[in-house]
Structure formats: C-alpha cells, structure tokens
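Enquirer: The structure's right below; bear with me while I get my questions together.
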Amino acid sequence: MTSTFARTRTMRAALVTTALALLIALSAVAPSEAAARPAALAPATVSVDFADRRGVLRRSERYNNYANENAFIEQRSADARFLNEQGLHQKVHRVWLDYAFEQCSIETGTCDFSGNTDAYLTDAGHLSDSVLVNLNPDEFIRGERPLKDLQPLLEVMLGDLKKKYPAVKYVEVFNEPDWKYHGHERHDGRPADEVTLRPGDLYRFYAPFYKAANEVDEGVRPADRLQIGGPAISVMDPEWMKPFLDDYAADRDPHKRLDFISYHAYMKWDDDYQVPTFYKSDLRQVSSERGDILTWLRERRIRGRVPSFITETGIYPGPSYDDRTGTTDYLRQAAGMATYNYVYSRQPDTYMFNWVVRHFAEGRKDQLVTRVDDGPVPTGIFTPYGNMMLMQSKMKDIEVSATVSGSREDDNGVYAIASKDRTGASLMVWNWQHTNDRSHRATIHMSRLPRRLGRGPVRLRMFRIDQTTSNYFTDPAGAGLRQVSDEIVRPGAHHDETIDLKPNACTSSSWNPHDAVLRPGFVRSPTPPESINLDMENVILRASRRSVVEEGVGEGSALPGPRFPGRSGGGRAARPGRRAR
C-alpha cells in the first residue's frame, strides 16, 4: 500500500526543514568567545511557605516527544526501559506517523503498521500511559489526493490504531502548517495570494479528523474515546489561531470536537517571515498565551474546558546556538526548559511537552546523550537537560508557595518551585541566566514545614546540575544526576539554607523524615558526591503516589477528562480530578 507520495513528501519535508535550518542558523548570534570575568555573588531570597497549598504540582517531565519512527531505532526500546527505571514514565508521549496515509487503504479497509511503525508505537506505549499521534495530511493539503477521500481513509487509520495500540488516545492534526505551507513560501518570495495555505484554510482539513474519530468511537464509553486537537502551528500566532477558531465556532455540526488546542513555542516571525525573534531572549513572551486563548474562546462562545498543549518547546529552534561548541549551551538548555515549565505551569489548563528524547540532528535538544566522538550511540546516559527532568520527577505532589525576591533582571534570575506530601517535602531552585554571567547566593527561608519534618530529625539530600556537575559534556564519568550532600538536620517549624548558584545552575533538595537518633554533638554529615540511589528514590516516589491517592489528590487530575460531543460548542470537558485542599 505504499506509493510515491511517501518519497515525495519526505523530500519536500527535508527541503522545508533544511530551509528553516539555514535561516535560523544565519539568524543566530553567538556571544563573544572572550572569557567573562567572574562576578560577585548577587543576593536573592527564596521564601517557601509549606502550609500554603497551590494544588497538584504540574509535571511537565511527564509530557514528552520521540523523534520520528526512523530515528534511533536501535536505542529506542532501551531508552524506554531506562526512562521507566529512572521514574520518568510518561503521562502523554507524542509520536510522528509520517507514513500512515500510505500504510492504510480505503479499498481494503486495512492498515499495515508492521515493522518499524509497530515497534515505534509499541515502545511509546511501554513508556507512557497515553500516546499522542501527530498526523499531517500533506498530500491532501497539496492537492495530490482528493479531499473527499480524507475522512474515509482516517476512519480506517484511526480504527486500526485504536484496535492495535490501546495507548493511542490523542490525535494531533497538522505539524507547523503555518510554516510548511505558507511561511517558507513567503520567505522565498512567493506573494501572499499564491501560497499553498492561508490562515483561513486549516479547518476544512481538520473537520474530517473529528468526523472520522466520531465514527470510530461510536458506542465507546467516553473515557475511551479518542481526543482530537490541533492545529499545531509553529508559533501561537493570532493570525492563524483566530481564523481556525472562527471556523470551528461557525461549524454547525452538533458533534464537532476540539479536545485540545496545540502549538509550538520557540520563536515568532515578522509579518513577511523574514526575521525570527527567539523566545530565549525573554521567556516571559509566552506568559500571556493562555489568557489570549481563553479570551478568543469566550469571544466565539466556544464552551467547554479546552486545554492548551504546547507540543514542542525549546530555546534553540532549528540549528540555532549561543556557543558554537555546544559546551555551555547544554546547561543553558536545562535551565531554559526549567524556566519554560515555570512560566507555563502558572497558566491554567496548559501542558508543556518536552522536546526531545533524542534529536535527529541537534545535540542541544537531547535528553539522552546521543553524540559521542567514537563508537555507537550510547544508552542510559542523561544530558544536563535529562538530569533536570529527573530532578523534576523527584518533586513531591502538592505544590506550595515559593516566592523569589531580589534577583530578577527581565526574565533572568533565580526561580523556585516547592512541594510536599505525606512522605516529605522538596524544592527546586535554579538560576536562569541564558548568556549572562550573574551568579547568585540564594537564602532559602522555609516556614511552616510539615509537622512530620518539624519534629525532626530529617534527612536532607541535595542534587546539583552545573557546568561541571551532572554534566556529561565536561565530565563524562559524572554524567548522572549527582548528589552533593546528604545530611541529618532538625529543622523545627522554620529552617534556613543558603545555596550558591552559578549561571544556569539547577539544584534540588528532598526532605524526608529520618528515624535515626542523632549522636551527641552531631549536626551534619555531608557525603561525597554520588549518583542517586535509584532503588531508594523509586521507593520514595511510589510511597508519595500512594499517599496522594489517600488524600484524594492524584496526577489523574492533571488533564481534563474526555469531551462529550453533542453539546453546544463541541461538548463540555469532564470535570477534572479533585484539587488539593
């Protein structure tokens, strides 16, 4: 059932990708290679109130991406096992079905997903509770296949996927159509009225997807229905998003569906698609996105709780860089992604997907070490970005108040997230500086600690990622997330700590009750740096999850439930799980 369409599309996609890569590379500005003079430590204050609950912690480390099915085939199964063993099992994992439209046939009513596609979807299902498949109807958009065939072909495709791969729950329509079929052509000089797609053209290709999903889901209980969303534009651009929502609002089909809105977060373009502006220059640029979307939904009377999925996120789009050698960029990526998560987690119903486990070309985006000087691609080794996600996974389940003062210049400075549950407490603090060289001495004031901790003694463990710690690219032998101290303390109801943070350094600490009796005169017992004890950490993680279930708060509340077609505006989302009290 294969055709020349697959080869043609692959060649076109490669050309578009290459053009974007060249444009971004030419637009990237590297900082001076001159060595910066070390600056004095600037003060910062982090105030944590463990009695001030903010709800269930938003866990962006559980939303992730694979590269396409032909990338890193030999490592993929081992990667899935490794991430699961590390406690990074996913809630939603995004995959790319680039050849699905050639693997399915309307005439036979069947699909052939054997071989690499089957292995790809199987690995994703082992790694994640749910799988999001990205489907991009290239041939239909380009007029190479008649639009009338799209819905029946999708009915075959989605039915087969749902039957063979139960983890497939989300279907994302399009992948950066604003760039692939418009911006790229405008950049090359084609007039706006001659491009393949205009902003108002997207919805006619989207509608066949929800109609096909409704046919496939006929008679299926709501919890098992496929979730359909899009349009996965390359930037949250109102010039593209608002016409798409206009057409959805105007659709009179009572069973229409928009279960999530998706887009990417790297940069924005000028009106003529000539000059990109990277978000890394100020990550606050994305802080109002959810508010804008909610306004647009209200204006169009689109009812229901439609979440935002930022299905790709990063500070280095294409082959862009700050350091040609990459040595310092790996750490910048870790701190930058932590900051992205912070900004998006402050926006309701917004879920940031990490990009990517292994990138097919750009090492700055890798979560697992992929580029080595000699030998095969290794497995089981985190980059600083991967170690930062591992830090996030060690956080407790209930977020509490953590405020920072005295450090921010624009978006650069110290950030903090704190959490707790019945097993203890946790805190992440990092110094996002991008290319700046400002170091901070952060004083951590912790108040109203959980009673079990205040009675002490407490085991305090600290981990660090910086240019020389937990960083494969400067110390391959110390690539794992490094524990830098292990202490027994008696905090009482209040406790202070001091942390020194070099540019883009990330730290985390865990506080767990300790039943050992303190020896006379014993205050602290730091240990040499060591890799984390996975068995102990997994026990703590499992205990944490159990305790949260007992309190009536679980990660199941992180995503809204399935939407029910047939109601005004496409249906109302099922009520999410209970929030922490």
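For the structure tokens, the naming scheme is as follows: chains receive sequential letters (A, B, ...) according to their order of presentation, residues are indexed from 1 within each chain, and ligands are indexed from 1 in presentation order.
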Counting only C-alpha atoms, which residues of region 153-249 of chain A sit at most 12 Å from some atom of region 273-277 of chain A, and what is each one's closest atom pair with its distance in Å to one decimal, listed by chain and rising residue number, as a tab-separated table?

Expert:
residue	atom	partner	partner_atom	distance
A:Asp178	CA	A:Tyr273	CA	10.3
A:Trp179	CA	A:Tyr273	CA	8.7
A:Lys180	CA	A:Tyr273	CA	11.7
A:His182	CA	A:Tyr273	CA	9.0
A:Gly183	CA	A:Tyr273	CA	5.6
A:His184	CA	A:Tyr273	CA	7.5
A:Glu185	CA	A:Tyr273	CA	9.0
A:Arg186	CA	A:Tyr273	CA	6.3
A:His187	CA	A:Tyr273	CA	5.4
A:Asp188	CA	A:Gln274	CA	9.0
A:Gly189	CA	A:Tyr273	CA	9.7
A:Arg190	CA	A:Tyr273	CA	11.1
A:Pro191	CA	A:Tyr273	CA	11.7
A:Ala192	CA	A:Tyr273	CA	10.9
A:Ser234	CA	A:Pro276	CA	11.8
A:Val235	CA	A:Pro276	CA	10.9

Enquirer: As JSON, numbers by chain, list the residues of region 290-377 of chain A assigned to strand (DSSP E) by DSSP on the backbone atoms of this structure.

Expert: {"A": [308, 309, 310, 311, 312, 313, 350, 351, 352]}

Enquirer: Output all heavy atoms for every residue in the selection just made, as a short mmCIF file (atom, residue, chain, number, x, y, z; two decimals), in the first residue's frame.

Expert:
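Done, and the output landed in result_26.cif:
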data_model
loop_
_atom_site.label_atom_id
_atom_site.label_comp_id
_atom_site.auth_asym_id
_atom_site.auth_seq_id
_atom_site.Cartn_x
_atom_site.Cartn_y
_atom_site.Cartn_z
N SER A 308 -4.64 23.74 26.55
CA SER A 308 -3.57 24.07 25.61
C SER A 308 -2.46 23.04 25.73
O SER A 308 -1.96 22.78 26.83
CB SER A 308 -3.00 25.47 25.91
OG SER A 308 -3.96 26.48 25.72
N PHE A 309 -2.06 22.46 24.61
CA PHE A 309 -0.92 21.56 24.54
C PHE A 309 0.18 22.28 23.76
O PHE A 309 0.01 22.55 22.56
CB PHE A 309 -1.26 20.26 23.81
CG PHE A 309 -2.07 19.27 24.60
CD1 PHE A 309 -2.64 19.58 25.82
CD2 PHE A 309 -2.26 17.98 24.10
CE1 PHE A 309 -3.39 18.66 26.53
CE2 PHE A 309 -3.01 17.05 24.81
CZ PHE A 309 -3.57 17.39 26.02
N ILE A 310 1.28 22.60 24.42
CA ILE A 310 2.43 23.14 23.70
C ILE A 310 3.29 21.93 23.37
O ILE A 310 4.14 21.50 24.16
CB ILE A 310 3.19 24.20 24.52
CG1 ILE A 310 2.27 25.37 24.87
CG2 ILE A 310 4.36 24.74 23.73
CD1 ILE A 310 1.50 25.23 26.13
N THR A 311 3.08 21.35 22.19
CA THR A 311 3.61 20.02 21.90
C THR A 311 5.09 20.02 21.51
O THR A 311 5.68 18.95 21.41
CB THR A 311 2.78 19.32 20.82
OG1 THR A 311 2.58 20.18 19.70
CG2 THR A 311 1.42 18.93 21.39
N GLU A 312 5.68 21.18 21.30
CA GLU A 312 7.14 21.30 21.18
C GLU A 312 7.55 22.60 21.85
O GLU A 312 6.90 23.63 21.68
CB GLU A 312 7.60 21.32 19.72
CG GLU A 312 7.47 20.01 19.00
CD GLU A 312 8.03 20.08 17.58
OE1 GLU A 312 9.00 20.85 17.37
OE2 GLU A 312 7.49 19.41 16.71
N THR A 313 8.64 22.53 22.60
CA THR A 313 9.12 23.69 23.33
C THR A 313 10.64 23.68 23.33
O THR A 313 11.24 22.61 23.44
CB THR A 313 8.64 23.66 24.80
OG1 THR A 313 7.29 23.25 24.84
CG2 THR A 313 8.78 25.01 25.45
N THR A 350 -2.75 24.25 30.91
CA THR A 350 -1.67 24.36 29.91
C THR A 350 -0.64 23.29 30.19
O THR A 350 -0.15 23.16 31.31
CB THR A 350 -1.01 25.76 29.99
OG1 THR A 350 -2.01 26.75 29.74
CG2 THR A 350 0.09 25.89 28.96
N TYR A 351 -0.30 22.52 29.15
CA TYR A 351 0.58 21.37 29.30
C TYR A 351 1.73 21.47 28.31
O TYR A 351 1.52 21.43 27.09
CB TYR A 351 -0.22 20.06 29.14
CG TYR A 351 -1.35 20.01 30.13
CD1 TYR A 351 -2.61 20.48 29.79
CD2 TYR A 351 -1.13 19.58 31.43
CE1 TYR A 351 -3.64 20.51 30.72
CE2 TYR A 351 -2.15 19.60 32.37
CZ TYR A 351 -3.40 20.06 32.01
OH TYR A 351 -4.41 20.10 32.94
N MET A 352 2.92 21.62 28.84
CA MET A 352 4.13 21.79 28.03
C MET A 352 4.77 20.43 27.77
O MET A 352 5.08 19.70 28.71
CB MET A 352 5.11 22.71 28.76
CG MET A 352 6.33 23.07 27.94
SD MET A 352 7.68 23.69 28.99
CE MET A 352 8.60 22.17 29.29
#

Enquirer: Could you jot down the CA of Ala416 (chain A) to CA of Arg364 (chain A) separation for me, Å, one decimal place?

Expert: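 Between these atoms lies a distance of 23.7 Å.
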
Enquirer: Name the closest residue to Lys211 (chain A) among the candidates A:Gln227, A:Ser130, A:Asn84, A:Gln285; distances are taken between atoms, counting only C-alpha atoms.

Expert: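 Residue with the minimum atom-to-atom distance to Lys211 (chain A): A:Gln227.
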
Enquirer: Have a look at A:His445, A:Arg408, A:Lys169, A:His440 and name the one nearest to Glu497 (chain A); count only C-alpha atoms.

Expert: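 Selected residue with least distance to Glu497 (chain A): A:His445.
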
Enquirer: Could you pull out the helix (DSSP H, G or I) residues of region 46-85 of chain A, going by DSSP on the backbone, and write them as a list in words?

Expert: Ser60, Glu61, Arg62, Ile73, Glu74, Gln75, Arg76, Ser77, Ala78, Asp79, Ala80, Arg81, Phe82, Leu83, Asn84 and Glu85 of chain A
